[in-house]
Amino acid sequence: MDLAELRTLLARHARPDMSTAIDGVLISKVERQSPPATSMSGTVMALIAQGAKQMALGDRVYEYHAGQYLVASVDLPVTGRFTRAGADSPALGFGLVLHPPTVAELLLQAAPGDLPPVPGATPSGLVVSDAPDELGDAVIRLLRLLDRPRDVAVLAPLVKREILWHLLTGEQTGAVRQLGLADSSLSHVARAVRWIRDHHAQSFRVEELARLSGMSVSAFYRNFQAVTAMSPIRFQKQIRLQEARLLLATHPHDVTGVSAQVGYESPSQFSREYRRQFGVPPREDAARLRGITRSRVPAVV
């Protein structure tokens with residue numbers, strides 16, 4: 001992999017909002033080390049070309065640097081920060097949003113024996129590996145298309161499929177493959193994750209989520225912990241607090257209303273847990289966030 005060319009392409013095409021002219025392709029350029037920030041991971045592959053990033057999921061901490069990639073196979077609440085970035089040497093990263101239907105299509109097209117064996121254990125929702133040359137080369141060819149706009153519509157989908165194929169046949173085949181399998185344990189957990197995210201203000205019983213996921217309670221709890229590094233209740237708390245922070249950015253004077261909107265019956269409990277999560281009380285954090293536009297782009301890029 002030609003990291004020098006990859007860095008040049010990323011630096012040239014980086015935008016403040018991480019978007020590019022190719023659907024599902026993201027570019028990050030960060031010129032200073034950042035304090036830990038919470039966000040949702042998205043389902044994405046992120047390849048670092050320069051610098052380094054640290055990502056925490058529950059009690060697990062992942063670090064990835066130039067020449068390594070991370071796969072987030074479930075949209076998870078994570079805390080991340082760039083540990084190596086500066087004005088003279090910014091952190092540069094490539095991201096590709098992963099869509100389960102596209103993964104499933106490639107799995108159906110693969111001949112028997114084309115894919116490596118899958119490990120038996122349920123994979124974590126975040127995994128990190130060294131990027132093989134063929135994966136990096138495909139990423140570079142995809143980014144080159146940004147300099148040839150007329151080729152994007154025809155060639156970009158082909159190169160994106162090639163990148164997915166390298167992921168499916170690479171070291172993290174288990175995590176990527178389960179993303180495209182409707183009946184995989186990861187897909188069952190993802191169903192529960194989506195329900196919690198969409199209904200974060202509602203209380204629930206683990207037995208109900210297990211039934212929604214098509215698992216026994218013990219199997220659901222075990223697999224949920226394996227994928228998210230959290231219990232379902234702790235996962236819901238993370239989602240509630242992240243959503244509250246987004247709301248406070250636009251409603252900084254209504255801490256009580258925001259706490260109720262995200263599902264807290266006690267404003268004092270909300271304030272305690274908010275401070276534990278973000279390091280400052282909600283009202284103080286709201287004042288700092290005022291006027292800042294907070295996007296929902298994947299946090300791992």
# chains A, B, ... in the order shown; residues from 1 in each chain; ligands from 1

call {"tool": "residues_around", "arguments": {"residues": "A:Pro123", "least_positions_apart": "3", "cutoff": "10 Å", "atoms": "only C-alpha atoms", "output": "PyMOL selection string"}}
result
chain A and resi 73+118-120+126-127+172-176+178+185-186+223+226-228

call {"tool": "residues_around", "arguments": {"residues": "stretch 13-20 of chain A", "least_positions_apart": "4", "cutoff": "9 Å", "atoms": "only C-alpha atoms", "output": "ChimeraX atom specification"}}
result
/A:8-9,24-29,92,143,146-147,295,297,301

call {"tool": "write_last_selection", "arguments": {"atoms": "all heavy atoms", "output": "short mmCIF file (atom, residue, chain, number, x, y, z; two decimals), in the first residue's frame"}}
result
data_model
loop_
_atom_site.label_atom_id
_atom_site.label_comp_id
_atom_site.auth_asym_id
_atom_site.auth_seq_id
_atom_site.Cartn_x
_atom_site.Cartn_y
_atom_site.Cartn_z
N THR A 8 -1.85 11.91 0.42
CA THR A 8 -2.03 13.04 -0.49
C THR A 8 -3.47 13.16 -0.95
O THR A 8 -4.06 14.25 -0.97
CB THR A 8 -1.10 12.89 -1.71
OG1 THR A 8 0.26 12.88 -1.28
CG2 THR A 8 -1.30 14.02 -2.70
N LEU A 9 -4.07 12.04 -1.32
CA LEU A 9 -5.46 12.04 -1.78
C LEU A 9 -6.41 12.47 -0.67
O LEU A 9 -7.33 13.27 -0.89
CB LEU A 9 -5.83 10.65 -2.29
CG LEU A 9 -5.21 10.23 -3.62
CD1 LEU A 9 -5.34 8.72 -3.83
CD2 LEU A 9 -5.87 10.98 -4.77
N GLY A 24 -21.26 7.32 0.50
CA GLY A 24 -20.77 6.36 1.47
C GLY A 24 -19.29 6.43 1.76
O GLY A 24 -18.79 5.67 2.60
N VAL A 25 -18.56 7.32 1.10
CA VAL A 25 -17.13 7.48 1.32
C VAL A 25 -16.90 8.74 2.15
O VAL A 25 -17.40 9.81 1.81
CB VAL A 25 -16.34 7.54 0.00
CG1 VAL A 25 -14.88 7.92 0.25
CG2 VAL A 25 -16.42 6.21 -0.72
N LEU A 26 -16.13 8.60 3.23
CA LEU A 26 -15.87 9.69 4.15
C LEU A 26 -14.37 9.92 4.27
O LEU A 26 -13.58 8.98 4.15
CB LEU A 26 -16.44 9.36 5.54
CG LEU A 26 -17.92 8.97 5.59
CD1 LEU A 26 -18.26 8.36 6.93
CD2 LEU A 26 -18.79 10.19 5.31
N ILE A 27 -13.99 11.17 4.51
CA ILE A 27 -12.58 11.51 4.72
C ILE A 27 -12.49 12.41 5.95
O ILE A 27 -13.22 13.39 6.06
CB ILE A 27 -11.99 12.25 3.50
CG1 ILE A 27 -11.94 11.34 2.28
CG2 ILE A 27 -10.58 12.76 3.83
CD1 ILE A 27 -11.46 12.04 1.02
N SER A 28 -11.60 12.04 6.87
CA SER A 28 -11.39 12.89 8.03
C SER A 28 -9.99 13.47 8.00
O SER A 28 -9.03 12.80 7.60
CB SER A 28 -11.59 12.10 9.33
OG SER A 28 -10.60 11.10 9.47
N LYS A 29 -9.89 14.71 8.42
CA LYS A 29 -8.60 15.40 8.56
C LYS A 29 -8.65 16.19 9.86
O LYS A 29 -9.45 17.11 10.01
CB LYS A 29 -8.34 16.33 7.37
CG LYS A 29 -7.01 17.08 7.45
CD LYS A 29 -6.83 18.02 6.25
CE LYS A 29 -5.53 18.79 6.33
NZ LYS A 29 -5.38 19.74 5.19
N LEU A 92 -5.21 11.58 9.24
CA LEU A 92 -5.96 11.41 8.00
C LEU A 92 -6.58 10.03 7.96
O LEU A 92 -5.90 9.02 8.19
CB LEU A 92 -5.03 11.59 6.79
CG LEU A 92 -4.41 12.98 6.62
CD1 LEU A 92 -3.28 12.93 5.59
CD2 LEU A 92 -5.47 14.00 6.20
N LEU A 143 -10.33 6.55 -4.20
CA LEU A 143 -10.11 7.97 -3.96
C LEU A 143 -9.62 8.70 -5.21
O LEU A 143 -9.91 9.89 -5.39
CB LEU A 143 -9.11 8.16 -2.81
CG LEU A 143 -9.62 7.74 -1.43
CD1 LEU A 143 -8.48 7.77 -0.42
CD2 LEU A 143 -10.74 8.66 -0.97
N LEU A 146 -12.12 10.65 -7.27
CA LEU A 146 -12.54 12.01 -6.91
C LEU A 146 -11.91 13.05 -7.83
O LEU A 146 -12.43 14.16 -7.95
CB LEU A 146 -12.17 12.29 -5.45
CG LEU A 146 -12.93 11.46 -4.41
CD1 LEU A 146 -12.35 11.69 -3.02
CD2 LEU A 146 -14.43 11.79 -4.43
N ASP A 147 -10.81 12.69 -8.47
CA ASP A 147 -10.18 13.59 -9.44
C ASP A 147 -10.73 13.37 -10.85
O ASP A 147 -10.34 14.09 -11.78
CB ASP A 147 -8.66 13.38 -9.45
CG ASP A 147 -8.01 13.81 -8.14
OD1 ASP A 147 -8.44 14.86 -7.60
OD2 ASP A 147 -7.10 13.11 -7.65
N SER A 295 -22.76 16.82 14.31
CA SER A 295 -23.22 15.94 13.25
C SER A 295 -23.30 14.51 13.74
O SER A 295 -22.79 14.16 14.80
CB SER A 295 -22.27 16.02 12.06
OG SER A 295 -21.01 15.51 12.41
N VAL A 297 -22.13 11.93 11.87
CA VAL A 297 -21.26 11.12 11.02
C VAL A 297 -20.60 10.06 11.88
O VAL A 297 -20.45 10.22 13.09
CB VAL A 297 -20.19 11.99 10.31
CG1 VAL A 297 -20.85 12.99 9.41
CG2 VAL A 297 -19.31 12.70 11.34
N VAL A 301 -14.04 7.18 12.03
CA VAL A 301 -13.16 7.60 10.93
C VAL A 301 -12.19 8.67 11.42
O VAL A 301 -12.58 9.63 12.07
CB VAL A 301 -14.01 8.14 9.76
CG1 VAL A 301 -13.11 8.54 8.61
CG2 VAL A 301 -15.02 7.11 9.32
#

call {"tool": "residues_around", "arguments": {"residues": "A:Glu171", "least_positions_apart": "3", "cutoff": "9 Å", "atoms": "only C-alpha atoms", "output": "list in words"}}
result
Pro116, Ser129, Asp130, Leu167, Leu168 and Gly174 of chain A

call {"tool": "write_last_selection", "arguments": {"atoms": "C-alpha atoms", "output": "compact mmCIF listing (two decimals), in the first residue's frame"}}
result
# COMPACT_ATOMS: atom_id res chain seq x y z
CA PRO A 116 -12.18 -18.30 4.94
CA SER A 129 -6.50 -5.28 11.94
CA ASP A 130 -3.47 -4.38 9.86
CA LEU A 167 -12.88 -7.30 4.01
CA LEU A 168 -14.92 -10.48 3.62
CA GLY A 174 -16.39 -12.97 10.87

call {"tool": "closest_residue", "arguments": {"among": "A:Pro100, A:Gly170, A:Pro35, A:Pro90", "to": "A:Pro117", "atoms": "only C-alpha atoms"}}
result
A:Gly170

call {"tool": "select_by_dssp", "arguments": {"residues": "stretch 97-155 of chain A", "states": "helix (DSSP H, G or I)", "output": "ChimeraX atom specification"}}
result
/A:100-109,133-147,149-155

call {"tool": "write_last_selection", "arguments": {"atoms": "N, CA and C atoms", "output": "mmCIF file, in the first residue's frame"}}
result
data_model
loop_
_atom_site.group_PDB
_atom_site.id
_atom_site.type_symbol
_atom_site.label_atom_id
_atom_site.label_comp_id
_atom_site.auth_asym_id
_atom_site.auth_seq_id
_atom_site.Cartn_x
_atom_site.Cartn_y
_atom_site.Cartn_z
ATOM 1 N N PRO A 100 -25.560 -3.736 4.929
ATOM 2 C CA PRO A 100 -25.809 -5.178 4.981
ATOM 3 C C PRO A 100 -26.298 -5.793 3.669
ATOM 4 N N PRO A 101 -27.210 -5.149 2.910
ATOM 5 C CA PRO A 101 -27.651 -5.786 1.655
ATOM 6 C C PRO A 101 -26.516 -6.022 0.658
ATOM 7 N N THR A 102 -25.554 -5.088 0.606
ATOM 8 C CA THR A 102 -24.429 -5.260 -0.317
ATOM 9 C C THR A 102 -23.532 -6.405 0.133
ATOM 10 N N VAL A 103 -23.309 -6.509 1.438
ATOM 11 C CA VAL A 103 -22.531 -7.628 1.971
ATOM 12 C C VAL A 103 -23.236 -8.946 1.673
ATOM 13 N N ALA A 104 -24.557 -8.973 1.877
ATOM 14 C CA ALA A 104 -25.319 -10.194 1.621
ATOM 15 C C ALA A 104 -25.233 -10.598 0.151
ATOM 16 N N GLU A 105 -25.288 -9.625 -0.740
ATOM 17 C CA GLU A 105 -25.201 -9.912 -2.177
ATOM 18 C C GLU A 105 -23.864 -10.556 -2.528
ATOM 19 N N LEU A 106 -22.778 -10.044 -1.960
ATOM 20 C CA LEU A 106 -21.461 -10.628 -2.221
ATOM 21 C C LEU A 106 -21.362 -12.039 -1.657
ATOM 22 N N LEU A 107 -21.952 -12.257 -0.502
ATOM 23 C CA LEU A 107 -21.929 -13.598 0.087
ATOM 24 C C LEU A 107 -22.653 -14.602 -0.809
ATOM 25 N N LEU A 108 -23.752 -14.173 -1.409
ATOM 26 C CA LEU A 108 -24.503 -15.067 -2.294
ATOM 27 C C LEU A 108 -23.730 -15.371 -3.571
ATOM 28 N N GLN A 109 -22.917 -14.428 -4.022
ATOM 29 C CA GLN A 109 -22.163 -14.625 -5.253
ATOM 30 C C GLN A 109 -20.903 -15.456 -5.051
ATOM 31 N N ASP A 133 -2.118 -5.050 1.638
ATOM 32 C CA ASP A 133 -1.837 -4.158 0.513
ATOM 33 C C ASP A 133 -3.003 -4.075 -0.461
ATOM 34 N N GLU A 134 -3.655 -5.223 -0.721
ATOM 35 C CA GLU A 134 -4.737 -5.196 -1.714
ATOM 36 C C GLU A 134 -5.909 -4.342 -1.246
ATOM 37 N N LEU A 135 -6.177 -4.293 0.059
ATOM 38 C CA LEU A 135 -7.237 -3.434 0.579
ATOM 39 C C LEU A 135 -6.843 -1.967 0.427
ATOM 40 N N GLY A 136 -5.611 -1.630 0.820
ATOM 41 C CA GLY A 136 -5.153 -0.251 0.687
ATOM 42 C C GLY A 136 -5.111 0.208 -0.753
ATOM 43 N N ASP A 137 -4.704 -0.678 -1.657
ATOM 44 C CA ASP A 137 -4.648 -0.303 -3.076
ATOM 45 C C ASP A 137 -6.040 -0.008 -3.628
ATOM 46 N N ALA A 138 -7.033 -0.798 -3.201
ATOM 47 C CA ALA A 138 -8.402 -0.552 -3.668
ATOM 48 C C ALA A 138 -8.924 0.784 -3.135
ATOM 49 N N VAL A 139 -8.607 1.102 -1.889
ATOM 50 C CA VAL A 139 -9.014 2.390 -1.320
ATOM 51 C C VAL A 139 -8.398 3.539 -2.115
ATOM 52 N N ILE A 140 -7.125 3.418 -2.475
ATOM 53 C CA ILE A 140 -6.457 4.469 -3.249
ATOM 54 C C ILE A 140 -7.133 4.637 -4.610
ATOM 55 N N ARG A 141 -7.456 3.526 -5.267
ATOM 56 C CA ARG A 141 -8.106 3.629 -6.587
ATOM 57 C C ARG A 141 -9.483 4.272 -6.468
ATOM 58 N N LEU A 142 -10.185 4.006 -5.368
ATOM 59 C CA LEU A 142 -11.481 4.641 -5.164
ATOM 60 C C LEU A 142 -11.322 6.145 -4.973
ATOM 61 N N LEU A 143 -10.330 6.549 -4.197
ATOM 62 C CA LEU A 143 -10.111 7.974 -3.955
ATOM 63 C C LEU A 143 -9.624 8.696 -5.206
ATOM 64 N N ARG A 144 -8.883 8.010 -6.066
ATOM 65 C CA ARG A 144 -8.453 8.633 -7.324
ATOM 66 C C ARG A 144 -9.643 9.078 -8.168
ATOM 67 N N LEU A 145 -10.767 8.403 -8.024
ATOM 68 C CA LEU A 145 -11.950 8.757 -8.809
ATOM 69 C C LEU A 145 -12.462 10.154 -8.461
ATOM 70 N N LEU A 146 -12.119 10.654 -7.275
ATOM 71 C CA LEU A 146 -12.537 12.006 -6.913
ATOM 72 C C LEU A 146 -11.914 13.049 -7.828
ATOM 73 N N ASP A 147 -10.805 12.689 -8.469
ATOM 74 C CA ASP A 147 -10.179 13.590 -9.443
ATOM 75 C C ASP A 147 -10.727 13.369 -10.848
ATOM 76 N N PRO A 149 -14.399 13.011 -11.943
ATOM 77 C CA PRO A 149 -15.830 12.946 -11.604
ATOM 78 C C PRO A 149 -16.680 12.158 -12.592
ATOM 79 N N ARG A 150 -16.339 12.193 -13.879
ATOM 80 C CA ARG A 150 -17.181 11.504 -14.861
ATOM 81 C C ARG A 150 -17.126 9.982 -14.685
ATOM 82 N N ASP A 151 -16.082 9.465 -14.004
ATOM 83 C CA ASP A 151 -15.932 8.020 -13.818
ATOM 84 C C ASP A 151 -16.619 7.512 -12.550
ATOM 85 N N VAL A 152 -17.036 8.427 -11.690
ATOM 86 C CA VAL A 152 -17.533 8.016 -10.374
ATOM 87 C C VAL A 152 -18.764 7.118 -10.471
ATOM 88 N N ALA A 153 -19.758 7.512 -11.260
ATOM 89 C CA ALA A 153 -21.026 6.777 -11.303
ATOM 90 C C ALA A 153 -20.835 5.326 -11.723
ATOM 91 N N VAL A 154 -19.929 5.083 -12.650
ATOM 92 C CA VAL A 154 -19.741 3.725 -13.172
ATOM 93 C C VAL A 154 -18.729 2.932 -12.346
ATOM 94 N N LEU A 155 -17.603 3.547 -12.020
ATOM 95 C CA LEU A 155 -16.502 2.797 -11.419
ATOM 96 C C LEU A 155 -16.552 2.723 -9.893
#

call {"tool": "residues_around", "arguments": {"residues": "A:Lys237", "least_positions_apart": "5", "cutoff": "12 Å", "atoms": "only C-alpha atoms", "output": "PyMOL selection string"}}
result
chain A and resi 58+77+196-197+199-203+230-232+242-244+259+262-264+269-270+273-274+276-277

call {"tool": "write_last_selection", "arguments": {"atoms": "N, CA, C and O atoms", "output": "CSV table (one decimal), in the first residue's frame"}}
result
chain,number,residue,atom,x,y,z
A,58,GLY,N,-17.7,0.4,25.9
A,58,GLY,CA,-17.8,-0.2,27.2
A,58,GLY,C,-16.5,-0.2,27.9
A,58,GLY,O,-15.8,0.8,28.0
A,77,PRO,N,-22.6,3.1,20.7
A,77,PRO,CA,-22.1,4.3,21.4
A,77,PRO,C,-20.7,4.2,21.8
A,77,PRO,O,-20.4,3.3,22.6
A,196,ILE,N,-33.5,-0.4,20.9
A,196,ILE,CA,-33.1,0.5,22.0
A,196,ILE,C,-32.8,1.9,21.6
A,196,ILE,O,-33.2,2.9,22.2
A,197,ARG,N,-32.1,2.0,20.4
A,197,ARG,CA,-31.8,3.3,19.9
A,197,ARG,C,-33.1,4.1,19.5
A,197,ARG,O,-33.2,5.3,19.8
A,199,HIS,N,-36.1,3.5,20.7
A,199,HIS,CA,-37.1,3.7,21.8
A,199,HIS,C,-36.3,3.9,23.1
A,199,HIS,O,-36.7,3.4,24.2
A,200,HIS,N,-35.2,4.7,23.0
A,200,HIS,CA,-34.4,4.9,24.2
A,200,HIS,C,-35.1,5.4,25.4
A,200,HIS,O,-34.6,5.2,26.5
A,201,ALA,N,-36.2,6.2,25.2
A,201,ALA,CA,-36.8,6.8,26.4
A,201,ALA,C,-37.8,5.8,27.1
A,201,ALA,O,-38.3,6.1,28.2
A,202,GLN,N,-38.0,4.6,26.5
A,202,GLN,CA,-38.9,3.6,27.1
A,202,GLN,C,-38.1,2.7,27.9
A,202,GLN,O,-37.0,2.3,27.6
A,203,SER,N,-38.8,2.2,29.0
A,203,SER,CA,-38.2,1.1,29.8
A,203,SER,C,-38.5,-0.2,29.1
A,203,SER,O,-39.4,-0.3,28.3
A,230,MET,N,-21.3,-4.2,26.7
A,230,MET,CA,-22.2,-3.6,27.7
A,230,MET,C,-23.4,-4.5,27.9
A,230,MET,O,-23.8,-5.3,27.0
A,231,SER,N,-24.0,-4.3,29.0
A,231,SER,CA,-25.3,-4.9,29.3
A,231,SER,C,-26.4,-4.1,28.5
A,231,SER,O,-26.1,-2.9,28.2
A,232,PRO,N,-27.6,-4.6,28.2
A,232,PRO,CA,-28.6,-3.8,27.5
A,232,PRO,C,-29.0,-2.6,28.3
A,232,PRO,O,-29.2,-1.5,27.7
A,242,GLN,N,-26.2,10.4,25.3
A,242,GLN,CA,-25.7,11.0,24.0
A,242,GLN,C,-26.8,11.8,23.4
A,242,GLN,O,-26.6,12.9,22.8
A,243,GLU,N,-28.1,11.2,23.4
A,243,GLU,CA,-29.2,12.0,22.8
A,243,GLU,C,-29.5,13.2,23.6
A,243,GLU,O,-29.8,14.3,23.0
A,244,ALA,N,-29.3,13.2,24.9
A,244,ALA,CA,-29.5,14.3,25.8
A,244,ALA,C,-28.5,15.4,25.4
A,244,ALA,O,-28.8,16.6,25.4
A,259,SER,N,-34.0,16.0,30.2
A,259,SER,CA,-33.9,14.7,31.0
A,259,SER,C,-35.1,13.9,30.9
A,259,SER,O,-35.1,12.6,30.7
A,262,VAL,N,-35.5,12.2,27.3
A,262,VAL,CA,-34.7,11.0,27.0
A,262,VAL,C,-35.0,9.8,27.9
A,262,VAL,O,-34.4,8.8,27.8
A,263,GLY,N,-36.0,10.0,28.8
A,263,GLY,CA,-36.4,8.9,29.6
A,263,GLY,C,-36.1,8.9,31.1
A,263,GLY,O,-36.4,7.9,31.8
A,264,TYR,N,-35.5,10.0,31.6
A,264,TYR,CA,-35.2,10.0,33.0
A,264,TYR,C,-36.4,10.6,33.8
A,264,TYR,O,-37.0,11.6,33.5
A,269,GLN,N,-31.0,12.4,39.1
A,269,GLN,CA,-30.2,11.2,38.7
A,269,GLN,C,-29.6,11.5,37.3
A,269,GLN,O,-28.5,11.1,37.0
A,270,PHE,N,-30.4,12.2,36.4
A,270,PHE,CA,-29.9,12.5,35.1
A,270,PHE,C,-28.6,13.4,35.2
A,270,PHE,O,-27.6,13.1,34.5
A,273,GLU,N,-25.6,11.2,36.4
A,273,GLU,CA,-25.1,10.3,35.3
A,273,GLU,C,-24.5,11.1,34.2
A,273,GLU,O,-23.5,10.6,33.6
A,274,TYR,N,-25.1,12.2,33.9
A,274,TYR,CA,-24.5,13.1,32.8
A,274,TYR,C,-23.1,13.5,33.2
A,274,TYR,O,-22.2,13.4,32.4
A,276,ARG,N,-21.1,12.1,35.3
A,276,ARG,CA,-20.2,10.9,35.3
A,276,ARG,C,-19.7,10.6,33.9
A,276,ARG,O,-18.6,10.2,33.7
A,277,GLN,N,-20.6,10.8,32.9
A,277,GLN,CA,-20.3,10.4,31.5
A,277,GLN,C,-19.4,11.4,30.8
A,277,GLN,O,-18.5,11.1,30.2

call {"tool": "atom_distance", "arguments": {"atom1": "atom CA of A:Pro281", "atom2": "atom CA of A:Tyr62"}}
result
27.4 Å

call {"tool": "closest_residue", "arguments": {"among": "A:Arg81, A:Arg222, A:Arg12, A:Arg272", "to": "A:Val189", "atoms": "only C-alpha atoms"}}
result
A:Arg222

call {"tool": "closest_residue", "arguments": {"among": "A:Arg84, A:Leu115, A:Arg148, A:Asp2", "to": "A:Ile22", "atoms": "only C-alpha atoms"}}
result
A:Arg148

call {"tool": "residues_around", "arguments": {"residues": "A:Val128", "least_positions_apart": "6", "cutoff": "7 Å", "atoms": "only C-alpha atoms", "output": "list in words"}}
result
Tyr64, Tyr69, Leu70 and Val71 of chain A

call {"tool": "write_last_selection", "arguments": {"atoms": "N, CA and C atoms", "output": "PDB file, in the first residue's frame"}}
result
ATOM      1  N   TYR A  64      -5.931   2.304  16.836  1.00  0.00           N
ATOM      2  CA  TYR A  64      -5.538   2.007  15.461  1.00  0.00           C
ATOM      3  C   TYR A  64      -4.781   3.202  14.896  1.00  0.00           C
ATOM      4  N   TYR A  69      -6.904  -0.757   9.971  1.00  0.00           N
ATOM      5  CA  TYR A  69      -8.305  -0.430   9.749  1.00  0.00           C
ATOM      6  C   TYR A  69      -9.156  -0.972  10.885  1.00  0.00           C
ATOM      7  N   LEU A  70     -10.277  -0.319  11.087  1.00  0.00           N
ATOM      8  CA  LEU A  70     -11.259  -0.730  12.089  1.00  0.00           C
ATOM      9  C   LEU A  70     -12.580  -0.978  11.393  1.00  0.00           C
ATOM     10  N   VAL A  71     -13.271  -2.025  11.786  1.00  0.00           N
ATOM     11  CA  VAL A  71     -14.611  -2.312  11.281  1.00  0.00           C
ATOM     12  C   VAL A  71     -15.601  -2.202  12.435  1.00  0.00           C
TER      13      VAL A  71
END

call {"tool": "atom_distance", "arguments": {"atom1": "atom CA of A:Arg161", "atom2": "atom CA of A:Met55"}}
result
26.5 Å

call {"tool": "atom_distance", "arguments": {"atom1": "atom CA of A:Ser271", "atom2": "atom CA of A:Ala229"}}
result
24.1 Å

call {"tool": "residues_around", "arguments": {"residues": "A:Val97", "least_positions_apart": "2", "cutoff": "7 Å", "atoms": "only C-alpha atoms", "output": "list in words"}}
result
Gly24, Val25, Thr43, Val44, Met45, Gly95 and His99 of chain A

call {"tool": "select_by_dssp", "arguments": {"residues": "stretch 21-179 of chain A", "states": "strand (DSSP E)", "output": "ChimeraX atom specification"}}
result
/A:25-30,37-40,44-50,52-57,60-65,68-72,77-84,91-97,126-130

call {"tool": "closest_residue", "arguments": {"among": "A:Ala192, A:Ala21, A:Leu76, A:Leu241", "to": "A:Phe220", "atoms": "only C-alpha atoms"}}
result
A:Ala192
